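Student: Contents are mmCIF, C-alpha atoms; file name query25.cif:
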```cif
data_protein
#
loop_
_atom_site.group_PDB
_atom_site.id
_atom_site.type_symbol
_atom_site.label_atom_id
_atom_site.label_comp_id
_atom_site.auth_asym_id
_atom_site.auth_seq_id
_atom_site.Cartn_x
_atom_site.Cartn_y
_atom_site.Cartn_z
ATOM 1 C CA MET Y 13 159.352 174.960 -1.875
ATOM 2 C CA ASN Y 14 159.175 177.828 0.615
ATOM 3 C CA ALA Y 15 157.273 177.201 3.803
ATOM 4 C CA VAL Y 16 153.592 178.101 3.817
ATOM 5 C CA SER Y 17 152.495 180.157 6.799
ATOM 6 C CA GLN Y 18 150.386 178.380 9.393
ATOM 7 C CA ALA Y 19 148.234 181.511 9.792
ATOM 8 C CA PRO Y 20 144.505 180.772 9.780
ATOM 9 C CA GLY Y 21 142.355 181.383 6.733
ATOM 10 C CA PHE Y 22 143.645 182.751 3.483
ATOM 11 C CA ALA Y 23 147.016 183.969 4.825
ATOM 12 C CA GLY Y 24 147.909 180.364 5.614
ATOM 13 C CA LEU Y 25 147.977 179.575 1.886
ATOM 14 C CA VAL Y 26 150.533 182.277 1.054
ATOM 15 C CA PRO Y 27 154.196 181.191 1.192
ATOM 16 C CA THR Y 28 157.113 183.448 2.019
ATOM 17 C CA GLY Y 29 157.671 185.561 -1.074
ATOM 18 C CA GLY Y 30 154.093 185.053 -2.223
ATOM 19 C CA VAL Y 31 152.998 188.689 -2.014
ATOM 20 C CA ILE Y 32 153.748 191.063 -4.889
ATOM 21 C CA PRO Y 33 152.868 194.634 -3.891
ATOM 22 C CA GLU Y 34 153.321 195.972 -7.420
ATOM 23 C CA LEU Y 35 152.882 193.836 -10.518
ATOM 24 C CA PRO Y 36 153.361 196.247 -13.451
ATOM 25 C CA VAL Y 37 151.486 194.585 -16.314
ATOM 26 C CA LEU Y 38 149.169 195.942 -18.967
ATOM 27 C CA SER Y 39 147.158 192.868 -19.957
ATOM 28 C CA LYS Y 40 145.598 189.750 -18.530
ATOM 29 C CA ASP Y 41 147.996 187.440 -20.352
ATOM 30 C CA ALA Y 42 151.013 189.454 -19.174
ATOM 31 C CA ALA Y 43 149.673 189.180 -15.606
ATOM 32 C CA LEU Y 44 149.224 185.405 -15.944
ATOM 33 C CA LEU Y 45 152.721 184.996 -17.390
ATOM 34 C CA THR Y 46 154.341 187.146 -14.698
ATOM 35 C CA LEU Y 47 152.460 185.299 -11.945
ATOM 36 C CA ALA Y 48 153.497 181.971 -13.501
ATOM 37 C CA ARG Y 49 157.149 183.032 -13.524
ATOM 38 C CA HIS Y 50 157.017 184.265 -9.943
ATOM 39 C CA SER Y 51 155.174 181.210 -8.652
ATOM 40 C CA ALA Y 52 157.415 178.745 -10.512
ATOM 41 C CA ASP Y 53 160.310 179.508 -8.184
ATOM 42 C CA LEU Y 54 158.100 179.256 -5.102
ATOM 43 C CA VAL Y 55 156.540 175.886 -5.979
ATOM 44 C CA GLY Y 56 159.354 174.267 -7.974
ATOM 45 C CA GLN Y 57 157.318 173.922 -11.177
ATOM 46 C CA SER Y 58 157.789 175.076 -14.766
ATOM 47 C CA ALA Y 59 156.636 178.644 -15.447
ATOM 48 C CA LEU Y 60 155.560 177.588 -18.944
ATOM 49 C CA LEU Y 61 153.407 174.770 -17.556
ATOM 50 C CA ILE Y 62 151.820 177.050 -14.952
ATOM 51 C CA HIS Y 63 151.121 179.700 -17.588
ATOM 52 C CA GLU Y 64 149.589 177.142 -19.949
ATOM 53 C CA ARG Y 65 147.339 175.763 -17.179
ATOM 54 C CA LEU Y 66 146.243 179.274 -16.188
ATOM 55 C CA ARG Y 67 145.423 180.191 -19.784
ATOM 56 C CA THR Y 68 143.499 176.940 -20.233
ATOM 57 C CA ARG Y 69 141.447 177.703 -17.114
ATOM 58 C CA GLU Y 70 140.773 181.301 -18.205
ATOM 59 C CA ALA Y 71 139.554 179.998 -21.586
ATOM 60 C CA LEU Y 72 136.772 178.172 -19.720
ATOM 61 C CA GLY Y 73 135.592 181.473 -18.269
ATOM 62 C CA PRO Y 74 137.213 184.519 -16.716
ATOM 63 C CA THR Y 75 138.162 184.255 -13.054
ATOM 64 C CA GLY Y 76 137.393 187.912 -12.304
ATOM 65 C CA PHE Y 77 134.519 187.903 -9.834
ATOM 66 C CA GLY Y 78 133.862 191.604 -9.407
ATOM 67 C CA GLY Y 79 134.996 194.518 -7.327
ATOM 68 C CA GLY Y 80 138.377 194.673 -9.069
ATOM 69 C CA LEU Y 81 139.304 191.156 -7.938
ATOM 70 C CA ALA Y 82 140.292 187.981 -9.786
ATOM 71 C CA ILE Y 83 141.322 184.524 -8.609
ATOM 72 C CA PRO Y 84 143.155 182.832 -11.483
ATOM 73 C CA HIS Y 85 143.720 179.199 -10.561
ATOM 74 C CA ALA Y 86 145.171 175.962 -11.876
ATOM 75 C CA ARG Y 87 145.962 172.432 -10.791
ATOM 76 C CA LEU Y 88 149.445 170.968 -11.117
ATOM 77 C CA ALA Y 89 150.798 167.439 -10.807
ATOM 78 C CA GLY Y 90 153.476 167.073 -8.165
ATOM 79 C CA LEU Y 91 152.354 170.016 -6.058
ATOM 80 C CA PRO Y 92 152.030 168.827 -2.444
ATOM 81 C CA ASP Y 93 149.633 171.506 -1.147
ATOM 82 C CA CYS Y 94 147.480 174.409 -2.265
ATOM 83 C CA VAL Y 95 149.475 177.630 -2.553
ATOM 84 C CA ALA Y 96 148.275 181.201 -3.119
ATOM 85 C CA LEU Y 97 150.075 184.304 -4.338
ATOM 86 C CA VAL Y 98 148.676 187.812 -3.997
ATOM 87 C CA ALA Y 99 149.490 190.648 -6.382
ATOM 88 C CA ARG Y 100 148.392 194.246 -6.661
ATOM 89 C CA LEU Y 101 148.403 195.971 -10.030
ATOM 90 C CA PRO Y 102 149.293 199.681 -10.134
ATOM 91 C CA GLN Y 103 147.096 200.032 -13.236
ATOM 92 C CA PRO Y 104 143.803 198.064 -13.310
ATOM 93 C CA ILE Y 105 143.381 195.822 -16.369
ATOM 94 C CA ASP Y 106 140.432 194.260 -18.169
ATOM 95 C CA TRP Y 107 139.876 190.712 -16.933
ATOM 96 C CA GLY Y 108 136.409 190.044 -18.310
ATOM 97 C CA ALA Y 109 135.048 190.169 -14.766
ATOM 98 C CA VAL Y 110 131.370 189.486 -14.141
ATOM 99 C CA ASP Y 111 130.727 193.140 -13.234
ATOM 100 C CA GLY Y 112 132.781 194.520 -16.144
ATOM 101 C CA GLN Y 113 135.142 196.320 -13.775
ATOM 102 C CA PRO Y 114 138.898 196.233 -14.405
ATOM 103 C CA VAL Y 115 140.975 194.189 -11.959
ATOM 104 C CA ASP Y 116 143.697 195.510 -9.666
ATOM 105 C CA LEU Y 117 144.007 192.668 -7.115
ATOM 106 C CA LEU Y 118 144.911 189.114 -8.100
ATOM 107 C CA VAL Y 119 145.043 185.998 -5.985
ATOM 108 C CA LEU Y 120 146.699 183.122 -7.813
ATOM 109 C CA LEU Y 121 145.738 179.692 -6.485
ATOM 110 C CA LEU Y 122 147.775 176.640 -7.444
ATOM 111 C CA SER Y 123 146.509 173.269 -6.248
ATOM 112 C CA PRO Y 124 147.614 169.651 -6.550
ATOM 113 C CA GLU Y 125 146.086 167.962 -9.575
ATOM 114 C CA GLY Y 126 144.028 165.532 -7.491
ATOM 115 C CA ALA Y 127 142.957 168.028 -4.831
ATOM 116 C CA GLY Y 128 139.283 168.315 -5.724
ATOM 117 C CA ALA Y 129 137.837 169.144 -2.313
ATOM 118 C CA ASP Y 130 140.958 170.942 -1.059
ATOM 119 C CA HIS Y 131 141.023 173.114 -4.198
ATOM 120 C CA LEU Y 132 137.375 174.103 -3.713
ATOM 121 C CA LYS Y 133 137.934 174.766 0.002
ATOM 122 C CA ALA Y 134 140.924 176.985 -0.802
ATOM 123 C CA LEU Y 135 138.875 178.931 -3.381
ATOM 124 C CA ALA Y 136 136.129 179.356 -0.790
ATOM 125 C CA ARG Y 137 138.619 180.580 1.847
ATOM 126 C CA ILE Y 138 140.017 183.132 -0.583
ATOM 127 C CA SER Y 139 136.644 184.410 -1.798
ATOM 128 C CA ARG Y 140 135.341 184.616 1.785
ATOM 129 C CA ALA Y 141 138.385 186.654 2.832
ATOM 130 C CA LEU Y 142 138.010 188.976 -0.157
ATOM 131 C CA ARG Y 143 134.368 189.615 0.730
ATOM 132 C CA ASP Y 144 135.426 191.036 4.101
ATOM 133 C CA PRO Y 145 134.622 194.759 3.845
ATOM 134 C CA GLU Y 146 137.930 195.694 5.507
ATOM 135 C CA ALA Y 147 140.272 193.256 3.735
ATOM 136 C CA VAL Y 148 140.214 194.600 0.174
ATOM 137 C CA PRO Y 149 140.659 198.284 1.088
ATOM 138 C CA ALA Y 150 143.491 197.260 3.442
ATOM 139 C CA LEU Y 151 145.179 195.288 0.638
ATOM 140 C CA ARG Y 152 144.836 198.242 -1.723
ATOM 141 C CA ALA Y 153 146.196 200.694 0.861
ATOM 142 C CA ALA Y 154 149.120 198.543 2.027
ATOM 143 C CA GLY Y 155 152.447 199.912 0.843
ATOM 144 C CA THR Y 156 154.598 196.813 1.293
ATOM 145 C CA ALA Y 157 154.414 193.045 1.022
ATOM 146 C CA GLU Y 158 154.524 192.867 4.824
ATOM 147 C CA ALA Y 159 151.580 195.244 5.154
ATOM 148 C CA MET Y 160 149.635 193.254 2.545
ATOM 149 C CA MET Y 161 150.352 190.055 4.470
ATOM 150 C CA ALA Y 162 149.144 191.726 7.675
ATOM 151 C CA ALA Y 163 145.919 192.690 5.867
ATOM 152 C CA LEU Y 164 145.491 189.079 4.717
ATOM 153 C CA ALA Y 165 145.912 187.912 8.293
ATOM 154 C CA GLY Y 166 143.107 190.243 9.378
ATOM 155 C CA GLN Y 167 145.352 192.840 10.917
ATOM 156 C CA ALA Y 168 144.107 195.814 8.896
ATOM 157 C CA ALA Y 169 145.228 198.310 11.530
ATOM 158 C CA VAL Y 170 148.807 197.037 11.224
ATOM 159 C CA ALA Y 171 148.614 197.151 7.420
ATOM 160 C CA ALA Y 172 147.699 200.831 7.191
#
```
Once more with this new file: its structure as C-alpha cells, please.

Tutor:
Amino acid sequence: MNAVSQAPGFAGLVPTGGVIPELPVLSKDAALLTLARHSADLVGQSALLIHERLRTREALGPTGFGGGLAIPHARLAGLPDCVALVARLPQPIDWGAVDGQPVDLLVLLLSPEGAGADHLKALARISRALRDPEAVPALRAAGTAEAMMAALAGQAAVAA
C-alpha cells in the first residue's frame, strides 16, 4: 500500500495517488465502481469487493450529505488503517443527498473491518474539513491533484 501522508486532519488520510481531479462518470454506481477500481490498487484489495461493500452501504442510505458532497464509505478485512480518496466530478450527479442537490465532490473512506471508533473518527474528520467555508470552494477551484491536496491540507492560497 502507498504511504499515507502524516499531514494533520483529513489530508493525513489520503495516500499518494488518492486524489482524482477529474472523475468522468454519469451515475452514482459508475462513480462507486470507478472509485473501487482506483482504490483497489492503492490499498491492495479487490475492486469487486470494495464496490460490493460500497453498494451495500449505499443501500442502507445515501452518503450524500448536502452541498454537492458525498462520503461513500466501507469497511474491509485486512486493511491496516483508514484511507480516504478524494474525487471531483466534472458533471454533478444525483446521489440522493439529503438536500436533493447533485454531487460533484466525493470522499471515499475505506476502514478496517474492526475499526469502529477509528472509522467514526475518520468520518468526523472528513465532515469537519468539508464544513470549512474555504475548503470546498478551494477543492472545486483546484486544477490539479497537487492543488486539491494543498486545499485539503488547509493551504487554500496555494491551491488557487

Student: I need the residue nearest Gln113 (chain Y) from this list: Y:Ala82, Y:Met161, Y:Leu72, Y:Ala141. Use all atoms listed in the file for the distance.

Tutor: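 That would be Y:Ala82, the residue with the smallest distance to Gln113 (chain Y).
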
Student: Excluding Glu64 (chain Y) and residues on its chain fewer than 3 positions from it, collect all residues at most 12 Å away from it, counting all atoms listed in the file, and give them as a PDB file with C-alpha atoms, in the coordinates of the input.

Tutor:
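Below is the file out30.pdb, written as the result:
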```
ATOM      1  CA  ASP Y  41     147.996 187.440 -20.352  1.00  0.00           C
ATOM      2  CA  LEU Y  44     149.224 185.405 -15.944  1.00  0.00           C
ATOM      3  CA  LEU Y  45     152.721 184.996 -17.390  1.00  0.00           C
ATOM      4  CA  LEU Y  47     152.460 185.299 -11.945  1.00  0.00           C
ATOM      5  CA  ALA Y  48     153.497 181.971 -13.501  1.00  0.00           C
ATOM      6  CA  ARG Y  49     157.149 183.032 -13.524  1.00  0.00           C
ATOM      7  CA  SER Y  58     157.789 175.076 -14.766  1.00  0.00           C
ATOM      8  CA  ALA Y  59     156.636 178.644 -15.447  1.00  0.00           C
ATOM      9  CA  LEU Y  60     155.560 177.588 -18.944  1.00  0.00           C
ATOM     10  CA  LEU Y  61     153.407 174.770 -17.556  1.00  0.00           C
ATOM     11  CA  ARG Y  67     145.423 180.191 -19.784  1.00  0.00           C
ATOM     12  CA  THR Y  68     143.499 176.940 -20.233  1.00  0.00           C
ATOM     13  CA  ARG Y  69     141.447 177.703 -17.114  1.00  0.00           C
ATOM     14  CA  GLU Y  70     140.773 181.301 -18.205  1.00  0.00           C
ATOM     15  CA  ALA Y  71     139.554 179.998 -21.586  1.00  0.00           C
ATOM     16  CA  HIS Y  85     143.720 179.199 -10.561  1.00  0.00           C
ATOM     17  CA  ALA Y  86     145.171 175.962 -11.876  1.00  0.00           C
ATOM     18  CA  ARG Y  87     145.962 172.432 -10.791  1.00  0.00           C
ATOM     19  CA  LEU Y  88     149.445 170.968 -11.117  1.00  0.00           C
TER      20      LEU Y  88
END
```

Student: Got a sec: who's within 12 Å of region 23-26 of chain Y, counting all atoms listed in the file, leaving out chain neighbours fewer than 4 positions off, as a ChimeraX atom specification?

Tutor: /Y:13-19,30-32,51,54-55,93-99,119-123,130-131,133-135,137-138,141-142,147,157-158,160-167

Student: Can you work out the spacing between CA of Ala127 (chain Y) and CA of Pro145 (chain Y) in Å, to one decimal?

Tutor: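 About the pair CA of Ala127 (chain Y) and CA of Pro145 (chain Y): they are 29.3 Å apart.
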
Student: Y:Ala153, Y:Gly56, Y:Ala129, Y:Ala159: which is nearest Pro102 (chain Y), counting only C-alpha atoms?

Tutor: Y:Ala153

Student: Separation of CA of Ser39 (chain Y) and CA of Asp106 (chain Y), in Å?

Tutor: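 Answer for the CA of Ser39 (chain Y) to CA of Asp106 (chain Y) separation: 7.1 Å.
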
Student: Could you list, as a ChimeraX atom specification, every residue within 10 Å of Phe77 (chain Y), counting all atoms listed in the file and ignoring same-chain residues fewer than 5 positions away?

Tutor: /Y:82-83,107-113,115,139

Student: So the first atom is CA of Ala52 (chain Y) and the second is CA of Leu118 (chain Y); what is the distance between them in Å, to one decimal place?

Tutor: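 Calculated distance between CA of Ala52 (chain Y) and CA of Leu118 (chain Y) is 16.4 Å.
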
Student: Of the residues Y:Arg140, Y:Lys40, Y:Glu34, Y:Leu101, which is the one nearest to Pro74 (chain Y), using only C-alpha atoms?

Tutor: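 Of all the options, Y:Lys40 lies closest to Pro74 (chain Y).
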
Student: Which residue gives the smallest distance to Gly76 (chain Y) among Y:His63, Y:Asp116, Y:Ala42, Y:Pro124, with all atoms listed in the file counted?

Tutor: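 Checking each candidate against Gly76 (chain Y), we get Y:Asp116 as the closest.
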
Student: Which of these residues is nearest to Ala150 (chain Y), using only C-alpha atoms: Y:Leu38, Y:Leu91, Y:Ile62, Y:Leu117?

Tutor: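 Smallest separation from Ala150 (chain Y) among the options: Y:Leu117.
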
Student: Render region 29-61 of chain Y from the structure in the preceding block as a file of C-alpha atoms, as a compact mmCIF listing (two decimals), in the first residue's frame.

Tutor:
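Written output follows (decode35.txt):
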```txt
# COMPACT_ATOMS: atom_id res chain seq x y z
CA GLY Y 29 -2.31 8.84 -5.69
CA GLY Y 30 -5.50 9.27 -3.68
CA VAL Y 31 -6.70 12.47 -5.34
CA ILE Y 32 -8.61 12.30 -8.63
CA PRO Y 33 -9.09 15.81 -10.04
CA GLU Y 34 -11.50 14.64 -12.74
CA LEU Y 35 -13.65 11.54 -12.39
CA PRO Y 36 -15.79 11.47 -15.56
CA VAL Y 37 -18.83 9.42 -14.56
CA LEU Y 38 -22.53 9.86 -15.21
CA SER Y 39 -24.11 7.88 -12.37
CA LYS Y 40 -23.66 7.03 -8.73
CA ASP Y 41 -22.93 3.37 -9.44
CA ALA Y 42 -20.35 4.28 -12.10
CA ALA Y 43 -18.69 6.60 -9.56
CA LEU Y 44 -18.63 3.85 -6.92
CA LEU Y 45 -17.19 1.34 -9.39
CA THR Y 46 -14.52 3.76 -10.64
CA LEU Y 47 -13.55 4.70 -7.07
CA ALA Y 48 -13.40 0.99 -6.16
CA ARG Y 49 -11.09 0.29 -9.09
CA HIS Y 50 -8.84 3.23 -8.28
CA SER Y 51 -8.69 2.46 -4.57
CA ALA Y 52 -8.07 -1.27 -5.09
CA ASP Y 53 -4.56 -0.58 -6.35
CA LEU Y 54 -3.85 1.84 -3.50
CA VAL Y 55 -4.99 -0.48 -0.69
CA GLY Y 56 -4.21 -3.90 -2.19
CA GLN Y 57 -7.82 -5.11 -2.11
CA SER Y 58 -10.23 -6.45 -4.73
CA ALA Y 59 -12.09 -3.77 -6.70
CA LEU Y 60 -15.13 -6.05 -6.86
CA LEU Y 61 -15.17 -6.47 -3.07
```
